$ cat model_35.txt   # compact mmCIF, C-alpha atoms and all ligand atoms
# COMPACT_ATOMS: atom_id res chain seq x y z
CA MET Z 17 0.00 0.00 0.00
CA THR Z 18 1.27 3.43 -0.98
CA ALA Z 19 0.03 6.46 0.94
CA ALA Z 20 -2.04 9.02 -0.93
CA THR Z 21 -0.10 11.65 -2.86
CA THR Z 22 0.91 14.73 -0.88
CA SER Z 23 -1.29 17.77 -1.38
CA GLN Z 24 0.33 20.97 -2.63
CA THR Z 25 -1.00 24.51 -2.77
CA ALA Z 26 -3.04 25.58 -5.78
CA GLY Z 27 -1.00 28.79 -5.72
CA PRO Z 28 -2.22 32.06 -7.25
CA TYR Z 29 -2.63 30.96 -10.88
CA TRP Z 30 -5.41 28.34 -10.70
CA HIS Z 31 -7.63 30.72 -12.75
CA LEU Z 32 -6.11 28.90 -15.72
CA ILE Z 33 -8.41 25.95 -14.93
CA ASP Z 34 -11.36 28.11 -13.88
CA PHE Z 35 -14.26 28.89 -16.16
CA PRO Z 36 -16.43 31.54 -14.50
CA GLU Z 37 -19.63 30.12 -15.99
CA TRP Z 38 -19.20 27.01 -13.80
CA ALA Z 39 -20.40 29.11 -10.85
CA ASP Z 40 -23.87 29.04 -12.41
CA LEU Z 41 -25.04 25.44 -12.07
CA LEU Z 42 -28.25 26.36 -13.91
CA ARG Z 43 -26.58 27.84 -17.00
CA PRO Z 44 -28.70 27.07 -20.06
CA ASP Z 45 -25.86 25.31 -21.91
CA GLY Z 46 -24.60 23.42 -18.84
CA PRO Z 47 -25.06 19.91 -17.48
CA ASN Z 48 -28.28 20.86 -15.67
CA ALA Z 49 -30.03 22.33 -18.71
CA GLY Z 50 -33.55 20.97 -18.88
CA ILE Z 51 -33.72 19.88 -15.22
CA GLU Z 52 -37.24 20.57 -13.96
CA GLY Z 53 -38.33 21.59 -10.49
CA GLY Z 54 -36.49 22.70 -7.41
CA GLU Z 55 -35.96 26.13 -5.92
CA ARG Z 56 -33.40 28.39 -7.57
CA ILE Z 57 -31.08 29.95 -5.02
CA VAL Z 58 -27.99 32.15 -4.97
CA LEU Z 59 -25.18 31.38 -2.51
CA THR Z 60 -22.80 34.21 -1.79
CA GLY Z 61 -20.25 35.20 0.81
CA ARG Z 62 -16.97 36.89 1.52
CA ILE Z 63 -13.75 35.15 2.51
CA THR Z 64 -11.41 37.01 4.85
CA ASP Z 65 -8.08 36.08 6.41
CA GLY Z 66 -6.68 36.45 9.92
CA ASP Z 67 -5.81 40.09 9.25
CA GLY Z 68 -9.40 40.79 8.19
CA ALA Z 69 -8.28 41.25 4.59
CA PRO Z 70 -10.41 39.83 1.78
CA VAL Z 71 -9.03 36.67 0.21
CA THR Z 72 -9.11 37.71 -3.42
CA ASP Z 73 -7.47 34.64 -4.93
CA ALA Z 74 -9.41 31.69 -3.51
CA MET Z 75 -10.98 28.99 -5.63
CA VAL Z 76 -14.25 27.81 -4.09
CA GLU Z 77 -15.95 24.58 -5.12
CA ILE Z 78 -19.39 23.35 -4.10
CA TRP Z 79 -20.79 19.84 -3.98
CA GLN Z 80 -24.40 19.24 -3.11
CA ALA Z 81 -27.39 16.95 -3.43
CA ASP Z 82 -30.39 17.66 -5.64
CA PRO Z 83 -33.70 19.06 -4.32
CA GLU Z 84 -34.76 15.51 -3.36
CA GLY Z 85 -31.55 14.99 -1.39
CA ARG Z 86 -29.97 12.62 -3.91
CA TYR Z 87 -26.36 12.66 -5.02
CA ASP Z 88 -26.91 10.10 -7.78
CA GLY Z 89 -29.74 11.75 -9.66
CA ALA Z 90 -29.56 13.74 -12.89
CA PHE Z 91 -28.59 16.99 -11.16
CA HIS Z 92 -24.87 17.86 -11.41
CA GLY Z 93 -24.25 19.40 -8.02
CA PHE Z 94 -20.76 20.73 -8.71
CA GLY Z 95 -19.69 24.33 -9.19
CA ARG Z 96 -16.48 26.35 -9.04
CA CYS Z 97 -16.08 30.06 -8.41
CA GLY Z 98 -13.05 32.28 -7.92
CA THR Z 99 -13.32 35.04 -5.34
CA ASP Z 100 -13.34 38.57 -6.73
CA ALA Z 101 -11.41 41.70 -5.72
CA ASN Z 102 -13.58 41.96 -2.60
CA GLY Z 103 -13.15 38.32 -1.61
CA MET Z 104 -16.70 37.47 -2.70
CA PHE Z 105 -17.96 34.25 -4.25
CA ARG Z 106 -21.37 33.70 -5.83
CA PHE Z 107 -23.07 30.50 -7.02
CA VAL Z 108 -26.45 29.98 -8.67
CA THR Z 109 -27.91 26.56 -7.94
CA LEU Z 110 -30.94 24.61 -6.69
CA LYS Z 111 -31.64 24.28 -2.99
CA PRO Z 112 -30.59 20.78 -1.88
CA GLY Z 113 -32.93 18.49 0.03
CA PRO Z 114 -32.20 16.61 3.26
CA VAL Z 115 -29.61 13.87 2.82
CA PRO Z 116 -29.41 10.51 4.65
CA GLY Z 117 -26.83 10.48 7.43
CA ARG Z 118 -25.22 7.54 9.16
CA GLY Z 119 -27.48 5.02 10.82
CA ASN Z 120 -31.05 6.22 10.61
CA GLN Z 121 -30.12 9.87 10.91
CA THR Z 122 -31.09 12.61 8.50
CA GLN Z 123 -28.77 15.47 7.61
CA ALA Z 124 -30.24 18.94 7.17
CA PRO Z 125 -29.98 20.44 3.68
CA HIS Z 126 -26.40 21.56 3.15
CA VAL Z 127 -23.76 22.33 0.54
CA VAL Z 128 -20.13 21.23 0.94
CA LEU Z 129 -17.66 24.07 0.31
CA THR Z 130 -14.03 23.32 -0.59
CA LEU Z 131 -11.48 26.14 -0.61
CA PHE Z 132 -8.14 26.20 -2.43
CA ALA Z 133 -5.75 29.16 -2.44
CA ARG Z 134 -2.22 30.41 -2.27
CA GLY Z 135 -1.17 29.83 1.35
CA LEU Z 136 -3.33 26.70 1.70
CA LEU Z 137 -1.10 23.66 1.30
CA LYS Z 138 -4.24 21.52 1.29
CA GLN Z 139 -7.87 22.38 0.82
CA LEU Z 140 -10.15 23.62 3.57
CA VAL Z 141 -13.58 22.00 3.68
CA THR Z 142 -16.67 23.34 5.39
CA ARG Z 143 -20.44 23.17 4.97
CA LEU Z 144 -23.15 25.71 4.28
CA TYR Z 145 -26.48 25.13 6.05
CA PHE Z 146 -29.63 27.23 5.74
CA GLU Z 147 -30.96 29.32 8.62
CA GLY Z 148 -34.44 28.37 9.79
CA GLU Z 149 -34.36 24.74 8.68
CA LYS Z 150 -36.07 22.58 11.27
CA LEU Z 151 -33.64 19.75 10.55
CA ASN Z 152 -30.70 21.91 11.64
CA GLU Z 153 -31.75 21.16 15.22
CA THR Z 154 -31.10 17.45 14.73
CA ASP Z 155 -28.32 17.51 12.13
CA PRO Z 156 -25.55 15.22 13.46
CA LEU Z 157 -22.68 17.42 12.31
CA LEU Z 158 -24.16 20.75 13.43
CA GLN Z 159 -25.05 19.26 16.81
CA SER Z 160 -21.50 17.94 17.25
CA ILE Z 161 -20.14 21.52 17.08
CA GLU Z 162 -20.12 23.78 20.13
CA PRO Z 163 -23.11 26.14 19.92
CA ALA Z 164 -20.96 29.29 19.92
CA ARG Z 165 -19.28 28.24 16.64
CA ARG Z 166 -22.26 26.55 14.93
CA GLY Z 167 -23.38 29.81 13.36
CA THR Z 168 -20.25 29.95 11.20
CA LEU Z 169 -21.83 27.22 9.06
CA ILE Z 170 -25.31 28.72 8.73
CA ALA Z 171 -26.13 30.97 5.79
CA ARG Z 172 -28.72 33.70 6.24
CA PRO Z 173 -31.13 35.27 3.75
CA THR Z 174 -29.80 38.55 2.33
CA GLY Z 175 -33.23 40.04 1.72
CA THR Z 176 -33.04 39.43 -2.01
CA PRO Z 177 -35.47 36.56 -2.66
CA GLY Z 178 -33.66 33.22 -2.91
CA GLU Z 179 -30.28 34.67 -1.97
CA TRP Z 180 -28.27 33.32 0.98
CA ARG Z 181 -25.01 34.60 2.40
CA LEU Z 182 -22.30 32.86 4.39
CA ASP Z 183 -19.05 34.67 5.12
CA ILE Z 184 -15.95 32.58 5.74
CA ARG Z 185 -13.19 33.61 8.13
CA LEU Z 186 -10.03 31.58 7.72
CA GLN Z 187 -8.53 32.58 11.04
CA GLY Z 188 -9.18 34.55 14.23
CA GLU Z 189 -12.38 35.97 15.65
CA ASN Z 190 -15.46 34.02 14.50
CA GLU Z 191 -13.19 31.60 12.66
CA THR Z 192 -15.21 29.31 10.43
CA VAL Z 193 -15.49 25.71 11.54
CA PHE Z 194 -13.45 23.68 9.07
CA LEU Z 195 -13.89 19.96 8.70
CA ASP Z 196 -11.41 17.11 8.78
CA VAL Z 197 -12.91 15.12 5.95
CA MET C 5 -29.61 2.02 3.55
CA PRO C 6 -26.27 0.72 4.93
CA ASP C 7 -23.72 3.28 6.05
CA PRO C 8 -21.35 4.36 3.30
CA ILE C 9 -17.80 3.04 3.57
CA GLY C 10 -15.53 5.96 4.42
CA TYR C 11 -12.09 6.84 3.14
CA ARG C 12 -8.99 6.14 5.24
CA ARG C 13 -7.43 9.05 7.11
CA PRO C 14 -3.98 10.02 5.84
CA ASP C 15 -0.78 9.57 7.84
CA PRO C 16 -0.16 13.18 8.94
CA ALA C 17 3.55 12.89 8.07
CA THR C 18 2.65 12.42 4.42
CA GLN C 19 0.46 15.53 4.14
CA PRO C 20 1.33 19.20 4.69
CA PRO C 21 0.32 21.27 7.71
CA TYR C 22 -1.87 24.36 7.30
CA ASP C 23 0.64 26.46 9.26
CA LEU C 24 4.10 26.38 7.71
CA PRO C 25 6.25 29.32 8.89
CA THR C 26 8.71 28.90 6.00
CA TYR C 27 5.83 29.55 3.57
CA GLY C 28 4.75 33.09 4.42
CA SER C 29 1.30 33.03 2.82
CA THR C 30 0.15 30.40 5.32
CA ARG C 31 0.48 32.86 8.23
CA PRO C 32 -2.87 34.73 7.95
CA ARG C 33 -4.64 31.90 6.14
CA HIS C 34 -4.34 28.86 8.41
CA PRO C 35 -7.15 28.06 10.85
CA LYS C 36 -6.09 28.26 14.48
CA GLN C 37 -8.95 26.10 15.76
CA PRO C 38 -8.67 22.35 15.35
CA LEU C 39 -10.60 20.90 12.44
CA VAL C 40 -13.79 19.02 13.31
CA ARG C 41 -13.58 15.40 12.21
CA VAL C 42 -16.55 14.28 10.12
CA PRO C 43 -17.64 10.64 10.04
CA HIS C 44 -18.05 10.07 6.31
CA THR C 45 -21.58 10.31 4.97
CA LEU C 46 -22.89 10.39 1.43
CA SER C 47 -21.78 14.04 1.29
CA GLU C 48 -18.12 12.98 1.59
CA VAL C 49 -18.05 9.63 -0.24
CA THR C 50 -19.87 10.88 -3.33
CA GLY C 51 -18.45 13.37 -5.78
CA PRO C 52 -19.27 14.97 -9.08
CA ARG C 53 -19.38 12.76 -12.17
CA MET C 54 -17.12 14.58 -14.55
CA SER C 55 -18.24 13.55 -17.99
CA PRO C 56 -16.09 14.44 -21.02
CA ALA C 57 -19.40 15.48 -22.58
CA TRP C 58 -19.46 18.49 -20.24
CA TYR C 59 -15.75 18.92 -19.60
CA ALA C 60 -14.13 18.58 -23.00
CA PRO C 61 -10.68 16.96 -22.89
CA HIS C 62 -7.70 18.96 -24.10
CA ASP C 63 -4.53 16.88 -24.01
CA ASP C 64 -2.06 18.88 -26.07
CA LEU C 65 -0.78 22.06 -24.43
CA SER C 66 2.17 22.28 -26.81
CA ARG C 67 0.23 24.13 -29.50
CA HIS C 68 -2.43 26.81 -29.60
CA ASN C 69 -4.49 27.81 -32.64
CA GLY C 70 -2.43 25.37 -34.65
CA LYS C 71 0.89 27.02 -33.78
CA GLU C 72 3.73 25.42 -31.83
CA ALA C 73 4.66 26.77 -28.43
CA LEU C 74 8.32 27.49 -27.71
CA GLY C 75 10.38 25.23 -25.50
CA GLU C 76 11.10 21.57 -24.97
CA ARG C 77 8.12 19.39 -25.86
CA ILE C 78 7.44 16.63 -23.31
CA ILE C 79 4.88 13.91 -22.69
CA VAL C 80 3.61 13.39 -19.15
CA ALA C 81 1.78 10.13 -18.43
CA GLY C 82 0.93 7.97 -15.47
CA ARG C 83 -1.77 6.17 -13.57
CA VAL C 84 -4.25 7.34 -11.00
CA LEU C 85 -4.68 4.62 -8.37
CA ASP C 86 -6.14 4.44 -4.90
CA GLU C 87 -4.11 3.43 -1.85
CA ASP C 88 -5.03 -0.21 -2.47
CA GLY C 89 -3.62 -0.08 -5.99
CA ARG C 90 -6.95 -0.07 -7.74
CA PRO C 91 -7.26 2.14 -10.81
CA VAL C 92 -9.42 5.23 -10.49
CA ARG C 93 -11.37 5.18 -13.73
CA GLY C 94 -12.81 8.23 -15.44
CA ALA C 95 -11.00 10.59 -13.08
CA LEU C 96 -10.83 14.18 -14.26
CA VAL C 97 -7.24 15.45 -14.29
CA GLU C 98 -6.73 19.19 -14.79
CA VAL C 99 -3.24 20.62 -15.26
CA TRP C 100 -1.83 24.13 -15.42
CA GLN C 101 1.70 25.49 -15.62
CA ALA C 102 4.11 28.27 -16.59
CA ASN C 103 5.59 28.45 -20.08
CA ALA C 104 9.16 27.52 -20.99
CA ALA C 105 10.38 30.91 -19.78
CA GLY C 106 8.75 30.53 -16.37
CA ARG C 107 5.77 32.84 -16.98
CA TYR C 108 2.09 32.02 -16.52
CA HIS C 109 -0.50 33.17 -19.04
CA HIS C 110 -2.20 35.00 -16.17
CA PRO C 111 -2.68 38.72 -15.47
CA ALA C 112 -1.33 38.43 -11.91
CA ASP C 113 2.00 37.02 -13.09
CA GLN C 114 4.33 39.99 -13.57
CA HIS C 115 7.60 38.05 -13.76
CA ASP C 116 9.91 39.73 -16.29
CA ALA C 117 9.96 36.79 -18.68
CA PRO C 118 8.31 36.57 -22.10
CA LEU C 119 4.79 35.35 -22.70
CA ASP C 120 4.33 32.88 -25.54
CA PRO C 121 1.19 33.58 -27.60
CA ASN C 122 1.11 29.89 -28.53
CA PHE C 123 1.11 28.60 -24.96
CA LEU C 124 -1.82 28.97 -22.58
CA GLY C 125 -0.64 26.34 -20.08
CA ARG C 126 -3.83 24.55 -19.22
CA GLY C 127 -5.14 21.09 -20.04
CA ARG C 128 -7.79 18.55 -19.10
CA VAL C 129 -7.71 14.76 -19.48
CA PHE C 130 -9.60 11.75 -18.12
CA THR C 131 -8.20 8.44 -16.92
CA ASP C 132 -9.06 5.30 -18.88
CA GLU C 133 -10.22 1.90 -17.59
CA GLU C 134 -6.75 1.17 -16.15
CA GLY C 135 -6.41 4.62 -14.57
CA ASN C 136 -4.00 5.86 -17.26
CA TYR C 137 -3.77 9.50 -18.30
CA ARG C 138 -1.44 11.26 -20.73
CA PHE C 139 -0.88 14.74 -22.08
CA THR C 140 1.68 16.59 -24.19
CA THR C 141 3.10 19.91 -23.09
CA ILE C 142 6.21 22.08 -22.88
CA ARG C 143 8.68 21.68 -20.04
CA PRO C 144 7.95 24.70 -17.82
CA GLY C 145 10.60 27.11 -16.58
CA ALA C 146 11.48 27.94 -12.99
CA TYR C 147 10.18 31.29 -11.75
CA PRO C 148 10.87 33.65 -8.83
CA TRP C 149 8.44 34.37 -6.02
CA ARG C 150 8.67 36.68 -3.07
CA ASN C 151 8.44 34.20 -0.21
CA HIS C 152 12.01 34.83 0.94
CA ALA C 153 15.22 36.34 -0.42
CA ASN C 154 16.14 34.95 -3.85
CA ALA C 155 13.21 32.52 -3.80
CA TRP C 156 12.59 30.43 -6.93
CA ARG C 157 9.95 27.78 -7.47
CA PRO C 158 11.38 24.54 -8.83
CA VAL C 159 10.06 23.50 -12.23
CA HIS C 160 6.56 22.11 -11.67
CA ILE C 161 3.18 21.34 -13.19
CA HIS C 162 0.01 21.85 -11.11
CA PHE C 163 -2.42 18.90 -11.03
CA SER C 164 -6.08 18.87 -9.93
CA LEU C 165 -7.86 15.51 -9.53
CA PHE C 166 -11.44 14.41 -8.99
CA GLY C 167 -11.79 10.80 -7.90
CA ALA C 168 -14.98 8.99 -6.99
CA GLY C 169 -15.66 10.91 -3.78
CA LEU C 170 -15.25 14.39 -2.35
CA ALA C 171 -12.80 12.97 0.20
CA GLN C 172 -10.50 12.00 -2.68
CA ARG C 173 -10.28 15.53 -4.08
CA LEU C 174 -6.63 16.41 -4.57
CA ILE C 175 -4.60 19.34 -5.83
CA THR C 176 -0.86 18.73 -6.03
CA GLN C 177 2.26 19.61 -8.02
CA MET C 178 4.55 17.45 -10.13
CA TYR C 179 8.28 18.18 -10.05
CA PHE C 180 11.17 17.11 -12.29
CA PRO C 181 14.09 14.85 -11.32
CA GLY C 182 17.41 16.46 -10.53
CA ASP C 183 16.08 19.99 -10.01
CA PRO C 184 18.53 21.80 -7.67
CA LEU C 185 15.75 24.16 -6.53
CA LEU C 186 13.86 21.35 -4.76
CA ALA C 187 16.22 21.59 -1.80
CA TYR C 188 15.29 25.26 -1.26
CA ASP C 189 11.52 25.10 -1.85
CA PRO C 190 9.35 25.20 1.30
CA ILE C 191 6.29 24.02 -0.63
CA PHE C 192 8.02 20.87 -1.89
CA GLN C 193 9.65 20.39 1.54
CA CYS C 194 6.31 20.65 3.39
CA THR C 195 6.00 17.04 4.59
CA ALA C 196 7.84 15.34 7.42
CA ASP C 197 7.93 12.14 5.37
CA GLU C 198 10.76 12.34 2.83
CA ALA C 199 9.49 9.39 0.77
CA ALA C 200 6.10 11.08 0.41
CA ARG C 201 7.65 14.27 -0.91
CA ASN C 202 9.90 12.38 -3.32
CA ARG C 203 6.82 10.78 -4.85
CA LEU C 204 5.97 14.27 -6.16
CA ILE C 205 8.96 13.98 -8.50
CA ALA C 206 8.19 12.51 -11.91
CA GLN C 207 10.57 9.92 -13.37
CA PHE C 208 12.08 10.12 -16.81
CA ASP C 209 10.65 7.16 -18.77
CA ILE C 210 12.20 5.94 -22.01
CA ALA C 211 9.03 3.93 -22.74
CA ILE C 212 6.92 7.11 -22.73
CA THR C 213 9.57 8.99 -24.71
CA GLN C 214 8.70 9.16 -28.41
CA PRO C 215 11.57 8.97 -30.91
CA GLU C 216 12.21 12.17 -32.85
CA TRP C 217 9.39 13.86 -30.93
CA ALA C 218 9.42 14.31 -27.14
CA LEU C 219 10.91 13.12 -23.85
CA GLY C 220 8.51 11.24 -21.60
CA TYR C 221 7.93 11.53 -17.85
CA ARG C 222 5.93 9.20 -15.63
CA PHE C 223 3.94 10.60 -12.73
CA ASP C 224 1.63 8.24 -10.84
CA ILE C 225 -0.91 9.71 -8.44
CA ILE C 226 -2.45 7.96 -5.46
CA LEU C 227 -5.87 8.95 -4.12
CA ARG C 228 -7.18 7.91 -0.72
CA GLY C 229 -8.41 4.34 -0.33
CA ARG C 230 -11.52 3.01 1.36
CA GLU C 231 -11.61 1.90 4.98
CA ALA C 232 -12.77 -1.52 3.84
CA THR C 233 -13.07 -3.05 0.40
CA PRO C 234 -16.60 -2.48 -0.85
CA PHE C 235 -18.38 -5.45 -2.41
CA GLU C 236 -18.76 -3.47 -5.58
CA ASP C 237 -15.90 -1.70 -7.26
CA GLY C 238 -15.63 1.54 -5.33
CA ALA C 239 -13.75 3.25 -8.13
CA GLY C 240 -16.93 3.81 -10.09
CA ALA C 241 -18.27 7.32 -10.01
CA HIS C 242 -21.12 7.77 -7.57
FE FE T 1 3.15 27.32 -10.03
$ encode --input "model_35.txt" --output "structure tokens"
Amino acid sequence: MTAATTSQTAGPYWHLIDFPEWADLLRPDGPNAGIEGGERIVLTGRITDGDGAPVTDAMVEIWQADPEGRYDGAFHGFGRCGTDANGMFRFVTLKPGPVPGRGNQTQAPHVVLTLFARGLLKQLVTRLYFEGEKLNETDPLLQSIEPARRGTLIARPTGTPGEWRLDIRLQGENETVFLDV
Amino acid sequence: MPDPIGYRRPDPATQPPYDLPTYGSTRPRHPKQPLVRVPHTLSEVTGPRMSPAWYAPHDDLSRHNGKEALGERIIVAGRVLDEDGRPVRGALVEVWQANAAGRYHHPADQHDAPLDPNFLGRGRVFTDEEGNYRFTTIRPGAYPWRNHANAWRPVHIHFSLFGAGLAQRLITQMYFPGDPLLAYDPIFQCTADEAARNRLIAQFDIAITQPEWALGYRFDIILRGREATPFEDGAGAH
């Protein structure tokens, strides 16, 4: 048995493999063209570092289930978005449904976020949950996190219909909970 | 539904830390709180199915718009396997790199080295049924960075891989044998385990080398293996 290959930083030039349209999972010429049903949502947020500065060169990827909570359906739940000059990311997608957990548990609707950047020798993984979901109160992962830090995983409505925001703090006060996956 | 079979946790000595004082950019970007360990669920053991129908392969970086890029043409090939030696089939492999002069086709790269209009430095290939991938490119140049005095990155190609599950997602860099800059590079030197870091160095391979055309390098990549062998082939995309 050989151990898995060592991770290395994506560095500052990963834009060469980024195609900005991938941030819109519902693009008319994309893999989800023609998919019916589900609630269209926008996921946005700002990434800041331990100095409070925006992280303007992060590559954010999402992975999520479809509105019925399936990962093996027709919906392609993958997107990629580079942060802009203000450290902001923005995805257009469908709201995922609840997903089976381990045992007989149910996981609240969530989106997995993976971050790559200069200064990250391996990716950082976290999750985005939705404020107000009843299932948040019984979600095994959320409930395993101390209450004071749980909120760093919960997106809130921005006021624009269908738009949710979750800011990510890599380090320091209100540091986002990152996951050892 | 039975619980999904998780992926094995890596030996910490074979993977980099988040906080590496010799690599300055890690200082404000590493989390100070411990990571929260997640028992693997469907959210971690599944991953996107990357079909060539939606992500068109592009396996020849050595020419653009029908014109040859400058520099030494090379072929890079290898296998993508899991830790149990099983091929990872249909894996998406993305690569990006500097040109022969050590300059990226990227607005943020201001290194005083020439751009090559015939070299964009990005490619995309998929592994076959045996986990094999292959692409043609130009040997990149070394380039300076501002991490420390007189800092130069060794010659490298960036690799991005999607296996069967999110937990297998990997971004890494491939280096070239005999590069004197490896000894000075904190990114290459980031692991405690010397054997692990040396596996980031491709090997010259006369069997991949094509006569009168291009030198060949072999670079095999290992993705995390499952905690137990699934009854069905776990390498399939799900
Ligand atoms: Fe690089």
$ residues_near_ligand --input "model_35.txt" --ligand "ligand FE 1 (chain T)" --cutoff "7 Å" --atoms "only C-alpha atoms and all ligand atoms" --output "list in words"
Gly27 and Tyr29 of chain Z; Gln101, Ala102, His160, Ile161 and His162 of chain C
$ closest_atom_pairs --input "model_35.txt" --of "chain C" --to "chain Z" --cutoff "6 Å" --atoms "only C-alpha atoms" --output "JSON lines"
{"residue": "C:Asp7", "atom": "CA", "partner": "Z:Arg118", "partner_atom": "CA", "distance": 5.5}
{"residue": "C:Gln19", "atom": "CA", "partner": "Z:Thr22", "partner_atom": "CA", "distance": 5.1}
{"residue": "C:Ser29", "atom": "CA", "partner": "Z:Gly135", "partner_atom": "CA", "distance": 4.3}
{"residue": "C:Thr30", "atom": "CA", "partner": "Z:Gly135", "partner_atom": "CA", "distance": 4.2}
{"residue": "C:Pro32", "atom": "CA", "partner": "Z:Gly66", "partner_atom": "CA", "distance": 4.6}
{"residue": "C:Arg33", "atom": "CA", "partner": "Z:Asp65", "partner_atom": "CA", "distance": 5.4}
{"residue": "C:Pro35", "atom": "CA", "partner": "Z:Gln187", "partner_atom": "CA", "distance": 4.7}
{"residue": "C:Leu39", "atom": "CA", "partner": "Z:Leu195", "partner_atom": "CA", "distance": 5.1}
{"residue": "C:Val40", "atom": "CA", "partner": "Z:Leu195", "partner_atom": "CA", "distance": 4.7}
{"residue": "C:Arg41", "atom": "CA", "partner": "Z:Asp196", "partner_atom": "CA", "distance": 4.4}
{"residue": "C:Val42", "atom": "CA", "partner": "Z:Val197", "partner_atom": "CA", "distance": 5.6}
{"residue": "C:Thr45", "atom": "CA", "partner": "Z:Gly117", "partner_atom": "CA", "distance": 5.8}
{"residue": "C:Pro52", "atom": "CA", "partner": "Z:Phe94", "partner_atom": "CA", "distance": 6.0}
{"residue": "C:Glu87", "atom": "CA", "partner": "Z:Thr18", "partner_atom": "CA", "distance": 5.4}
{"residue": "C:Asp88", "atom": "CA", "partner": "Z:Met17", "partner_atom": "CA", "distance": 5.6}
{"residue": "C:Ile175", "atom": "CA", "partner": "Z:Ser23", "partner_atom": "CA", "distance": 5.8}
{"residue": "C:Thr176", "atom": "CA", "partner": "Z:Gln24", "partner_atom": "CA", "distance": 4.2}
{"residue": "C:Gln177", "atom": "CA", "partner": "Z:Gln24", "partner_atom": "CA", "distance": 5.9}
{"residue": "C:Ile225", "atom": "CA", "partner": "Z:Thr21", "partner_atom": "CA", "distance": 6.0}
{"residue": "C:Ile226", "atom": "CA", "partner": "Z:Ala20", "partner_atom": "CA", "distance": 4.7}
{"residue": "C:Leu227", "atom": "CA", "partner": "Z:Ala20", "partner_atom": "CA", "distance": 5.0}
{"residue": "C:Arg228", "atom": "CA", "partner": "Z:Ala20", "partner_atom": "CA", "distance": 5.3}
$ atom_distance --input "model_35.txt" --atom1 "CA of Leu85 in chain C" --atom2 "CA of Phe208 in chain C"
19.6 Å
$ residues_around --input "model_35.txt" --residues "Arg222 in chain C" --least-positions-apart "5" --cutoff "9 Å" --atoms "all atoms listed in the file" --output "ChimeraX atom specification"
/C:79-83,206-209,212
$ atom_distance --input "model_35.txt" --atom1 "CA of Leu74 in chain C" --atom2 "CA of Arg143 in chain C"
9.6 Å
$ atom_distance --input "model_35.txt" --atom1 "CA of Gly145 in chain C" --atom2 "CA of Leu204 in chain C"
17.2 Å
$ decode --input "model_35.txt" --residues "range 30-50 of chain C" --atoms "C-alpha atoms" --output "mmCIF file, in the first residue's frame"
data_model
loop_
_atom_site.group_PDB
_atom_site.id
_atom_site.type_symbol
_atom_site.label_atom_id
_atom_site.label_comp_id
_atom_site.auth_asym_id
_atom_site.auth_seq_id
_atom_site.Cartn_x
_atom_site.Cartn_y
_atom_site.Cartn_z
ATOM 1 C CA THR C 30 0.147 30.402 5.319
ATOM 2 C CA ARG C 31 0.478 32.864 8.231
ATOM 3 C CA PRO C 32 -2.869 34.733 7.953
ATOM 4 C CA ARG C 33 -4.641 31.902 6.135
ATOM 5 C CA HIS C 34 -4.336 28.864 8.412
ATOM 6 C CA PRO C 35 -7.147 28.055 10.846
ATOM 7 C CA LYS C 36 -6.094 28.256 14.481
ATOM 8 C CA GLN C 37 -8.949 26.103 15.760
ATOM 9 C CA PRO C 38 -8.670 22.348 15.354
ATOM 10 C CA LEU C 39 -10.600 20.896 12.435
ATOM 11 C CA VAL C 40 -13.792 19.023 13.306
ATOM 12 C CA ARG C 41 -13.583 15.399 12.214
ATOM 13 C CA VAL C 42 -16.548 14.276 10.122
ATOM 14 C CA PRO C 43 -17.638 10.639 10.035
ATOM 15 C CA HIS C 44 -18.049 10.067 6.310
ATOM 16 C CA THR C 45 -21.577 10.311 4.971
ATOM 17 C CA LEU C 46 -22.894 10.392 1.428
ATOM 18 C CA SER C 47 -21.782 14.035 1.291
ATOM 19 C CA GLU C 48 -18.121 12.977 1.586
ATOM 20 C CA VAL C 49 -18.052 9.634 -0.241
ATOM 21 C CA THR C 50 -19.873 10.877 -3.327
#
